[in-house]
>>> print(open('structure_5.txt').read())   # compact mmCIF, C-alpha atoms
# COMPACT_ATOMS: atom_id res chain seq x y z
CA PRO A 1 0.00 0.00 0.00
CA GLY A 2 2.45 2.76 -1.05
CA ALA A 3 0.49 5.82 -2.13
CA GLU A 4 1.73 6.83 -5.59
CA GLY A 5 4.88 4.80 -4.97
CA GLN A 6 5.84 6.84 -1.93
CA PRO A 7 7.44 4.87 0.93
CA LEU A 8 5.87 5.49 4.31
CA SER A 9 8.77 7.28 5.94
CA ILE A 10 8.73 9.85 3.12
CA LEU A 11 5.04 10.42 3.74
CA LEU A 12 5.38 10.68 7.49
CA PHE A 13 8.80 12.08 8.18
CA ASP A 14 10.07 13.59 4.90
CA ARG A 15 13.50 12.06 5.23
CA THR A 16 14.49 9.55 2.52
CA ASN A 17 17.67 8.31 4.16
CA VAL A 18 15.66 7.22 7.18
CA LEU A 19 13.63 4.89 5.04
CA ARG A 20 16.72 3.62 3.32
CA ASN A 21 18.28 2.58 6.53
CA ALA A 22 15.18 2.53 8.64
CA ALA A 23 14.73 -1.18 9.39
CA THR A 24 12.83 -2.54 12.40
CA ILE A 25 14.89 -2.82 15.60
CA ARG A 26 13.73 -4.77 18.62
CA LEU A 27 13.40 -2.12 21.33
CA MET A 28 13.80 -4.74 24.02
CA CYS A 29 16.62 -6.86 22.66
CA VAL A 30 15.54 -10.33 23.70
CA LEU A 31 16.51 -13.49 21.88
CA GLY A 32 13.18 -15.10 21.00
CA LEU A 33 13.55 -18.84 20.86
CA ALA A 34 10.89 -20.63 18.86
CA VAL A 35 10.50 -24.12 20.27
CA ALA A 36 9.18 -27.01 18.24
CA ALA A 37 7.05 -29.85 19.62
CA ARG A 38 10.12 -31.85 20.67
CA GLY A 39 11.68 -28.83 22.35
CA GLU A 40 14.18 -28.13 19.57
CA ILE A 41 15.36 -24.53 19.13
CA ILE A 42 14.53 -23.52 15.56
CA ASP A 43 15.15 -19.77 15.71
CA ARG A 44 18.72 -19.03 14.67
CA ILE A 45 20.99 -16.08 15.28
CA ALA A 46 21.46 -14.14 12.05
CA ALA A 47 23.97 -11.67 13.48
CA SER A 48 25.51 -10.62 16.76
CA VAL A 49 26.53 -7.06 17.54
CA GLY A 50 28.52 -6.92 20.75
CA ASN A 51 26.20 -8.43 23.33
CA ARG A 52 23.09 -7.88 21.20
CA VAL A 53 21.65 -10.31 18.69
CA ILE A 54 19.50 -10.31 15.57
CA THR A 55 17.62 -13.56 15.14
CA ALA A 56 16.37 -15.12 11.94
CA SER A 57 12.82 -14.30 13.00
CA ASP A 58 13.81 -10.65 13.60
CA LEU A 59 15.20 -10.56 10.06
CA ASP A 60 12.10 -12.19 8.62
CA ARG A 61 9.80 -9.78 10.46
CA GLU A 62 11.77 -6.73 9.32
CA ILE A 63 11.52 -7.80 5.68
CA ARG A 64 7.78 -8.34 6.04
CA VAL A 65 7.13 -4.99 7.75
CA ALA A 66 9.23 -3.09 5.20
CA ALA A 67 7.31 -4.76 2.36
CA PHE A 68 4.00 -3.88 4.03
CA LEU A 69 5.00 -0.23 4.33
CA ASP A 70 6.14 -0.04 0.71
CA GLY A 71 3.19 -2.04 -0.63
CA VAL A 72 5.33 -4.67 -2.34
CA LYS A 73 5.80 -8.42 -2.09
CA ALA A 74 8.20 -9.49 0.64
CA ASP A 75 11.61 -10.44 -0.79
CA PHE A 76 13.39 -13.20 1.12
CA SER A 77 16.28 -13.60 -1.31
CA PRO A 78 19.80 -13.98 0.16
CA ALA A 79 20.73 -10.54 -1.22
CA ARG A 80 17.75 -8.88 0.46
CA LYS A 81 18.42 -10.70 3.72
CA ARG A 82 22.02 -9.50 3.70
CA THR A 83 21.06 -5.89 2.99
CA THR A 84 18.46 -5.99 5.76
CA ALA A 85 20.87 -7.61 8.21
CA GLU A 86 23.49 -4.93 7.54
CA ALA A 87 20.93 -2.19 8.18
CA MET A 88 19.82 -3.90 11.40
CA ILE A 89 23.44 -4.15 12.55
CA GLU A 90 23.76 -0.38 12.18
CA GLN A 91 20.58 0.03 14.19
CA LYS A 92 21.94 -2.15 16.98
CA LEU A 93 25.02 0.07 17.10
CA ILE A 94 22.83 3.15 17.37
CA GLN A 95 20.64 1.47 19.99
CA THR A 96 23.73 0.84 22.11
CA GLU A 97 24.67 4.51 21.85
CA LEU A 98 21.15 5.49 22.88
CA ALA A 99 21.27 3.16 25.86
CA ASN A 100 24.62 4.56 27.00
CA SER A 101 23.74 8.23 26.50
CA ARG A 102 20.97 10.62 27.41
CA TYR A 103 19.44 11.34 24.05
CA PRO A 104 15.72 12.15 24.18
CA LEU A 105 13.35 9.38 23.17
CA PRO A 106 10.01 9.96 21.45
CA ASP A 107 6.70 9.36 23.14
CA PRO A 108 4.90 6.48 21.35
CA ALA A 109 1.69 8.51 21.64
CA GLU A 110 3.19 11.03 19.19
CA LEU A 111 2.83 8.46 16.41
CA ALA A 112 -0.95 8.10 16.64
CA PRO A 113 -1.76 10.86 14.09
CA ALA A 114 0.77 9.48 11.60
CA ILE A 115 -0.63 5.97 11.95
CA GLU A 116 -4.17 7.19 11.35
CA GLN A 117 -2.99 9.20 8.35
CA PHE A 118 -1.35 6.10 6.87
CA LYS A 119 -4.43 3.96 7.45
CA LYS A 120 -6.76 6.49 5.84
CA ALA A 121 -4.45 6.93 2.86
CA HIS A 122 -4.03 3.22 2.11
CA PHE A 123 -7.05 1.32 3.40
CA LYS A 124 -10.79 1.78 3.05
CA ASP A 125 -11.43 0.76 6.64
CA ASP A 126 -9.87 -0.77 9.74
CA GLN A 127 -10.81 -4.29 8.67
CA GLN A 128 -8.85 -4.02 5.41
CA TYR A 129 -5.89 -2.62 7.32
CA ARG A 130 -5.87 -5.56 9.73
CA THR A 131 -6.47 -8.08 6.98
CA THR A 132 -3.45 -6.74 5.09
CA LEU A 133 -1.30 -6.93 8.22
CA ALA A 134 -2.28 -10.59 8.55
CA GLU A 135 -1.52 -11.25 4.88
CA TYR A 136 2.02 -9.98 5.42
CA GLY A 137 2.36 -12.12 8.54
CA ILE A 138 2.93 -9.20 10.90
CA THR A 139 1.09 -7.53 13.77
CA GLU A 140 0.10 -3.95 14.43
CA GLU A 141 2.76 -3.87 17.15
CA ASP A 142 5.42 -4.71 14.54
CA PHE A 143 4.17 -1.78 12.48
CA LYS A 144 4.14 0.60 15.44
CA GLU A 145 7.58 -0.52 16.54
CA LEU A 146 9.08 0.36 13.17
CA LEU A 147 7.48 3.79 13.21
CA LEU A 148 8.78 4.38 16.72
CA TRP A 149 12.27 3.38 15.64
CA GLN A 150 12.14 5.72 12.64
CA ARG A 151 11.15 8.59 14.90
CA THR A 152 13.86 7.65 17.40
CA LEU A 153 16.44 7.59 14.62
CA LEU A 154 15.40 11.02 13.38
CA LEU A 155 15.79 12.50 16.85
CA PHE A 156 19.19 10.84 17.24
CA ILE A 157 20.42 12.25 13.92
CA GLN A 158 19.16 15.70 14.79
CA MET A 159 20.69 15.77 18.27
CA ARG A 160 23.93 13.89 17.55
CA PHE A 161 24.85 15.24 14.11
CA GLU A 162 22.67 18.03 12.71
CA THR A 163 23.20 20.37 15.64
CA GLY A 164 26.92 20.48 14.88
CA VAL A 165 26.64 21.24 11.16
CA GLN A 166 27.81 24.69 10.16
CA LEU A 167 27.11 26.06 6.70
CA GLY A 168 28.88 28.99 5.08
CA ALA A 169 27.32 31.45 2.66
CA GLN A 170 29.52 30.04 -0.09
CA ASP A 171 28.17 26.53 0.50
CA VAL A 172 24.60 27.73 0.01
CA GLU A 173 25.41 29.86 -3.02
CA GLU A 174 27.37 27.09 -4.71
CA TYR A 175 24.57 24.57 -4.23
CA PHE A 176 22.07 27.08 -5.59
CA THR A 177 24.19 27.88 -8.66
CA LYS A 178 25.14 24.28 -9.53
CA THR A 179 22.02 22.37 -8.54
CA VAL A 180 18.92 24.38 -7.72
CA LYS A 181 19.04 27.16 -10.31
CA PRO A 182 19.51 24.91 -13.38
CA ALA A 183 16.70 22.62 -12.24
CA ALA A 184 14.36 25.55 -11.50
CA GLU A 185 15.09 27.22 -14.84
CA ALA A 186 14.43 23.96 -16.67
CA ALA A 187 11.14 23.46 -14.82
CA HIS A 188 9.99 27.06 -15.24
CA PRO A 189 11.56 28.53 -18.40
CA GLY A 190 11.68 32.29 -18.55
CA GLN A 191 10.86 32.81 -14.87
CA PRO A 192 13.37 34.52 -12.56
CA VAL A 193 15.08 32.26 -10.01
CA SER A 194 16.19 33.85 -6.75
CA LEU A 195 18.47 32.36 -4.13
CA GLU A 196 16.28 33.77 -1.36
CA ASP A 197 13.32 31.77 -2.64
CA TYR A 198 15.28 28.54 -2.03
CA ARG A 199 17.66 29.43 0.80
CA GLU A 200 15.79 27.64 3.59
CA GLN A 201 15.30 24.51 1.48
CA ILE A 202 18.97 24.49 0.48
CA GLU A 203 20.11 24.87 4.08
CA ARG A 204 17.92 21.94 5.17
CA THR A 205 19.23 19.81 2.32
CA LEU A 206 22.90 20.58 2.96
CA THR A 207 22.49 20.12 6.71
CA GLY A 208 20.87 16.74 6.15
CA GLN A 209 23.57 15.64 3.72
CA ARG A 210 26.40 16.58 6.06
CA ALA A 211 24.67 14.98 9.04
CA ASP A 212 24.31 11.78 7.01
CA GLN A 213 28.01 11.87 6.12
CA GLN A 214 28.97 12.36 9.75
CA MET A 215 26.73 9.49 10.83
CA ASP A 216 28.21 7.19 8.19
CA THR A 217 31.70 8.00 9.45
CA TRP A 218 30.61 7.48 13.05
CA LEU A 219 28.97 4.13 12.23
CA ARG A 220 32.10 2.86 10.47
CA ASP A 221 34.21 3.82 13.47
CA VAL A 222 31.85 2.25 16.00
CA ARG A 223 31.57 -0.93 13.96
CA ARG A 224 35.35 -1.29 13.83
CA ARG A 225 35.37 -1.18 17.64
CA THR A 226 32.49 -3.63 18.04
CA HIS A 227 32.56 -7.41 17.66
CA VAL A 228 30.11 -8.03 14.79
CA VAL A 229 29.40 -11.48 13.37
CA LEU A 230 27.11 -12.31 10.44
CA HIS A 231 25.98 -15.94 10.33
CA GLU A 232 25.89 -16.79 6.64
CA GLU A 233 23.63 -19.84 7.05
CA ALA A 234 20.82 -17.63 8.35
CA LEU A 235 21.02 -15.43 5.24
CA GLN A 236 20.30 -18.20 2.77
>>> encode(input="structure_5.txt", output="structure tokens")
Amino acid sequence: PGAEGQPLSILLFDRTNVLRNAATIRLMCVLGLAVAARGEIIDRIAASVGNRVITASDLDREIRVAAFLDGVKADFSPARKRTTAEAMIEQKLIQTELANSRYPLPDPAELAPAIEQFKKAHFKDDQQYRTTLAEYGITEEDFKELLLWQRTLLLFIQMRFETGVQLGAQDVEEYFTKTVKPAAEAAHPGQPVSLEDYREQIERTLTGQRADQQMDTWLRDVRRRTHVVLHEEALQ
């Protein structure tokens, strides 16, 4: 159910990189062990990140929820599993930072309007919404947990990285001249294009880009200092 092809996080939070890396993280990191009739453990560890784990069922659930949000068929190919596992590893690293620091956390109640907006945009009624959740093999709590993580991630990026970004006048002018002005002139031939009309948008864009770059650097550094293991058999 993606309205006009738009992923949910774009609709709700207007931040594409969040969706790209915004996979479900288990807020209470507990290893869920699925036990068969004879007592055999059938849930496997897909990855370990320090003292935190990502199980095969976590990976499966994340793929299903992401597919539900984007309105596409769930892809359980090895390549998709690996991409999802890598994103979830990054989220475990961020979760550890959140647990060890005093970053503000969102109130789950804040998500209620966004959830209702999504439901109204993609389903004719509550019954269709719940039927679709069941078809994807997920629960409403899985859906809410992903939204809460996305919001948590946005706050983390803003507090940890965006607040330290400093832009110079030359940065804004260069981006306007090389990127914004040519695109605006092509879209609206013959109309004047002023930097002031786009300044705020440019500043938001550049701040977001630099914050993303800083976070990527930070994640690489933290991962180098963390014992991370991917279990290949769980990605097949």
>>> atom_distance(input="structure_5.txt", atom1="CA of His188 (chain A)", atom2="CA of Glu203 (chain A)")
21.9 Å
>>> residues_around(input="structure_5.txt", residues="region 209-225 of chain A", least_positions_apart="2", cutoff="7 Å", atoms="only C-alpha atoms", output="list in words")
Glu90, Phe161, Glu162, Val165, Thr205, Leu206, Thr207 and His227 of chain A
>>> residues_around(input="structure_5.txt", residues="Phe68 (chain A)", least_positions_apart="4", cutoff="8 Å", atoms="all atoms listed in the file", output="PyMOL selection string")
chain A and resi 1+64+72-74+133+136
>>> closest_residue(input="structure_5.txt", among="A:Glu145, A:Glu86, A:Glu174, A:Asp107", to="Arg61 (chain A)", atoms="only C-alpha atoms")
A:Glu145
>>> residues_near_point(input="structure_5.txt", point="(5.0, 2.0, 25.0)", cutoff="12 Å", atoms="only C-alpha atoms", output="ChimeraX atom specification")
/A:27-28,105-112,141,144-145,148-149
>>> residues_around(input="structure_5.txt", residues="Thr177 (chain A)", least_positions_apart="6", cutoff="12 Å", atoms="all atoms listed in the file", output="ChimeraX atom specification")
/A:170-171,183-185,193-195,198-199,202
>>> residues_around(input="structure_5.txt", residues="Arg44 (chain A)", least_positions_apart="5", cutoff="8 Å", atoms="only C-alpha atoms", output="ChimeraX atom specification")
/A:55-57,234
>>> atom_distance(input="structure_5.txt", atom1="CA of Gln236 (chain A)", atom2="CA of Ser77 (chain A)")
7.3 Å
>>> atom_distance(input="structure_5.txt", atom1="CA of Ala46 (chain A)", atom2="CA of Phe76 (chain A)")
13.6 Å
>>> decode(input="structure_5.txt", residues="region 194-207 of chain A", atoms="all heavy atoms", output="tab-separated table (two decimals), in the first residue's frame")
chain	number	residue	atom	x	y	z
A	194	SER	N	15.48	33.12	-7.79
A	194	SER	CA	16.19	33.85	-6.75
A	194	SER	C	16.69	32.91	-5.66
A	194	SER	O	15.98	31.99	-5.23
A	194	SER	CB	15.27	34.90	-6.13
A	194	SER	OG	15.84	35.44	-4.95
A	195	LEU	N	17.91	33.16	-5.21
A	195	LEU	CA	18.47	32.36	-4.13
A	195	LEU	C	17.60	32.43	-2.89
A	195	LEU	O	17.39	31.42	-2.20
A	195	LEU	CB	19.89	32.85	-3.81
A	195	LEU	CG	20.54	32.28	-2.52
A	195	LEU	CD1	20.64	30.76	-2.60
A	195	LEU	CD2	21.92	32.91	-2.32
A	196	GLU	N	17.07	33.60	-2.58
A	196	GLU	CA	16.28	33.77	-1.36
A	196	GLU	C	15.02	32.91	-1.36
A	196	GLU	O	14.54	32.52	-0.30
A	196	GLU	CB	15.91	35.24	-1.17
A	196	GLU	CG	17.10	36.13	-0.87
A	196	GLU	CD	17.94	35.60	0.29
A	196	GLU	OE1	17.35	35.21	1.33
A	196	GLU	OE2	19.17	35.57	0.16
A	197	ASP	N	14.51	32.62	-2.56
A	197	ASP	CA	13.32	31.77	-2.64
A	197	ASP	C	13.63	30.32	-2.23
A	197	ASP	O	12.71	29.58	-1.87
A	197	ASP	CB	12.76	31.77	-4.07
A	197	ASP	CG	12.19	33.12	-4.45
A	197	ASP	OD1	11.81	33.88	-3.54
A	197	ASP	OD2	12.14	33.42	-5.66
A	198	TYR	N	14.90	29.94	-2.29
A	198	TYR	CA	15.28	28.54	-2.03
A	198	TYR	C	16.25	28.38	-0.86
A	198	TYR	O	16.67	27.27	-0.55
A	198	TYR	CB	15.93	27.94	-3.29
A	198	TYR	CG	14.99	27.82	-4.47
A	198	TYR	CD1	14.90	28.84	-5.42
A	198	TYR	CD2	14.18	26.70	-4.63
A	198	TYR	CE1	14.03	28.74	-6.50
A	198	TYR	CE2	13.33	26.59	-5.71
A	198	TYR	CZ	13.25	27.60	-6.64
A	198	TYR	OH	12.39	27.50	-7.71
A	199	ARG	N	16.62	29.48	-0.23
A	199	ARG	CA	17.66	29.43	0.80
A	199	ARG	C	17.34	28.43	1.91
A	199	ARG	O	18.17	27.59	2.27
A	199	ARG	CB	17.90	30.82	1.39
A	199	ARG	CG	19.01	30.83	2.45
A	199	ARG	CD	19.23	32.22	3.01
A	199	ARG	NE	19.66	33.16	1.98
A	199	ARG	CZ	20.92	33.26	1.59
A	199	ARG	NH1	21.87	32.51	2.15
A	199	ARG	NH2	21.27	34.15	0.66
A	200	GLU	N	16.14	28.52	2.47
A	200	GLU	CA	15.79	27.64	3.59
A	200	GLU	C	15.81	26.17	3.17
A	200	GLU	O	16.32	25.31	3.90
A	200	GLU	CB	14.40	28.00	4.12
A	200	GLU	CG	14.00	27.21	5.35
A	200	GLU	CD	12.66	27.64	5.92
A	200	GLU	OE1	12.17	28.72	5.52
A	200	GLU	OE2	12.10	26.91	6.76
A	201	GLN	N	15.30	25.89	1.99
A	201	GLN	CA	15.30	24.51	1.48
A	201	GLN	C	16.73	24.01	1.27
A	201	GLN	O	17.06	22.87	1.60
A	201	GLN	CB	14.52	24.45	0.17
A	201	GLN	CG	14.49	23.08	-0.49
A	201	GLN	CD	13.78	23.12	-1.83
A	201	GLN	OE1	13.03	24.05	-2.12
A	201	GLN	NE2	14.02	22.11	-2.65
A	202	ILE	N	17.58	24.87	0.72
A	202	ILE	CA	18.97	24.49	0.48
A	202	ILE	C	19.68	24.22	1.80
A	202	ILE	O	20.42	23.23	1.93
A	202	ILE	CB	19.71	25.60	-0.31
A	202	ILE	CG1	19.16	25.68	-1.73
A	202	ILE	CG2	21.22	25.34	-0.33
A	202	ILE	CD1	19.66	26.88	-2.52
A	203	GLU	N	19.46	25.06	2.78
A	203	GLU	CA	20.11	24.87	4.08
A	203	GLU	C	19.67	23.55	4.73
A	203	GLU	O	20.49	22.84	5.31
A	203	GLU	CB	19.80	26.05	4.99
A	203	GLU	CG	20.50	27.34	4.56
A	203	GLU	CD	20.11	28.54	5.41
A	203	GLU	OE1	19.15	28.41	6.21
A	203	GLU	OE2	20.77	29.59	5.30
A	204	ARG	N	18.39	23.22	4.62
A	204	ARG	CA	17.92	21.94	5.17
A	204	ARG	C	18.57	20.78	4.44
A	204	ARG	O	18.98	19.80	5.06
A	204	ARG	CB	16.39	21.85	5.06
A	204	ARG	CG	15.62	22.71	6.04
A	204	ARG	CD	14.19	22.20	6.19
A	204	ARG	NE	13.52	22.09	4.91
A	204	ARG	CZ	12.77	23.05	4.37
A	204	ARG	NH1	12.62	24.20	5.02
A	204	ARG	NH2	12.18	22.88	3.20
A	205	THR	N	18.65	20.89	3.11
A	205	THR	CA	19.23	19.81	2.32
A	205	THR	C	20.70	19.61	2.65
A	205	THR	O	21.15	18.48	2.89
A	205	THR	CB	19.09	20.12	0.82
A	205	THR	OG1	17.70	20.21	0.48
A	205	THR	CG2	19.74	19.03	-0.02
A	206	LEU	N	21.47	20.69	2.68
A	206	LEU	CA	22.90	20.58	2.96
A	206	LEU	C	23.15	20.10	4.39
A	206	LEU	O	24.06	19.29	4.63
A	206	LEU	CB	23.58	21.93	2.74
A	206	LEU	CG	23.66	22.41	1.28
A	206	LEU	CD1	24.29	23.79	1.23
A	206	LEU	CD2	24.46	21.42	0.45
A	207	THR	N	22.34	20.58	5.33
A	207	THR	CA	22.49	20.12	6.71
A	207	THR	C	22.23	18.63	6.81
A	207	THR	O	22.97	17.89	7.47
A	207	THR	CB	21.52	20.88	7.64
A	207	THR	OG1	21.85	22.27	7.62
A	207	THR	CG2	21.62	20.36	9.07
